[in-house]
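Trainee: Could you have a look at this structure, given as structure tokens, before my questions?
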Amino acid sequence: MTTQPPYKGRTLQARLAPKTRIDPLSGCHIWEGACNRGGYPRISILGKTQLLHRFLWIARYGPIPSGMVLCHRCDERRCINPDHHFVGTHQANMDDMTQKRRARRERAAADARGHSPPPALDVPEAELTPIRIYVRGVEIVGKAVIRPFDPGGKL
């Protein structure tokens with residue numbers, strides 16, 4: 001007698017719910033199940049391993065165009081919330097990463113000198129979003145600007 005997998009006959013949502021934690025501050029849907037070596041969530045569907053964030057994006061919005069990649073606006077690899085992803089070129093994704101790391105380095109340097117992080121002077125309070133970041137086991141809570149990614153700077 002063969003046994004069926006415990007998820008056999010369950011909806012995708014029913015399979016994902018026990019392994020997904022929703023961060024109330026950031027809105028990230030944090031996958032607490034299996035991940036690949038790069039830290040991206042994975043799941044087996046119909047006997048084939050899928051990158052979960054890509055699978056959910058395609059299910060909601062359709063195929064990712066050839067030559068494009070799926071990027072995380074929230075920079076949390078384990079986030080599977082399609083609302084936190086966008087399609088862009090590999091180069092735009094690398095530019096976005098570089099820009100964000102530069103800003104993090106500047107904030108870290110200011111903090112190390114005992115100064116508060118540089119304020120977002122050109123951003124109204126209504127556009128600031130509460131965020132939660134974990135760095136080496138330390139929780140940092142603050143506010144950040146979360147806008148749609150626009151590599152052309154037209155927004």
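The way I read the labels, and the way they are meant: chains A, B, ... in the order of the structure tokens, residue 1 as the first residue of every chain, and ligand 1 as the first ligand shown, with later ones counted on from there.
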Would you list the contacts of range 33-44 of chain A as a VMD selection string, taking every protein, DNA or RNA residue within 8 Å and counting only C-alpha atoms, but skipping same-chain residues closer than 5 positions in sequence?
Mentor: chain A and resid 19 to 20 49 to 53 77 to 78 80
Trainee: One number please: CA of His85 in chain A to CA of Pro18 in chain A, in Å, one decimal.
Mentor: 21.8 Å
Trainee: Quick one: of A:Trp57, A:Ile64, A:Cys74, A:Asp83, who's nearest to Asp96 in chain A, counting only C-alpha atoms?
Mentor: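 The closest residue to Asp96 in chain A is A:Cys74.
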Trainee: Quick one: distance from CA of Val87 in chain A to CA of Ile30 in chain A in Å, one decimal?
Mentor: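 A separation of 19.7 Å between them.
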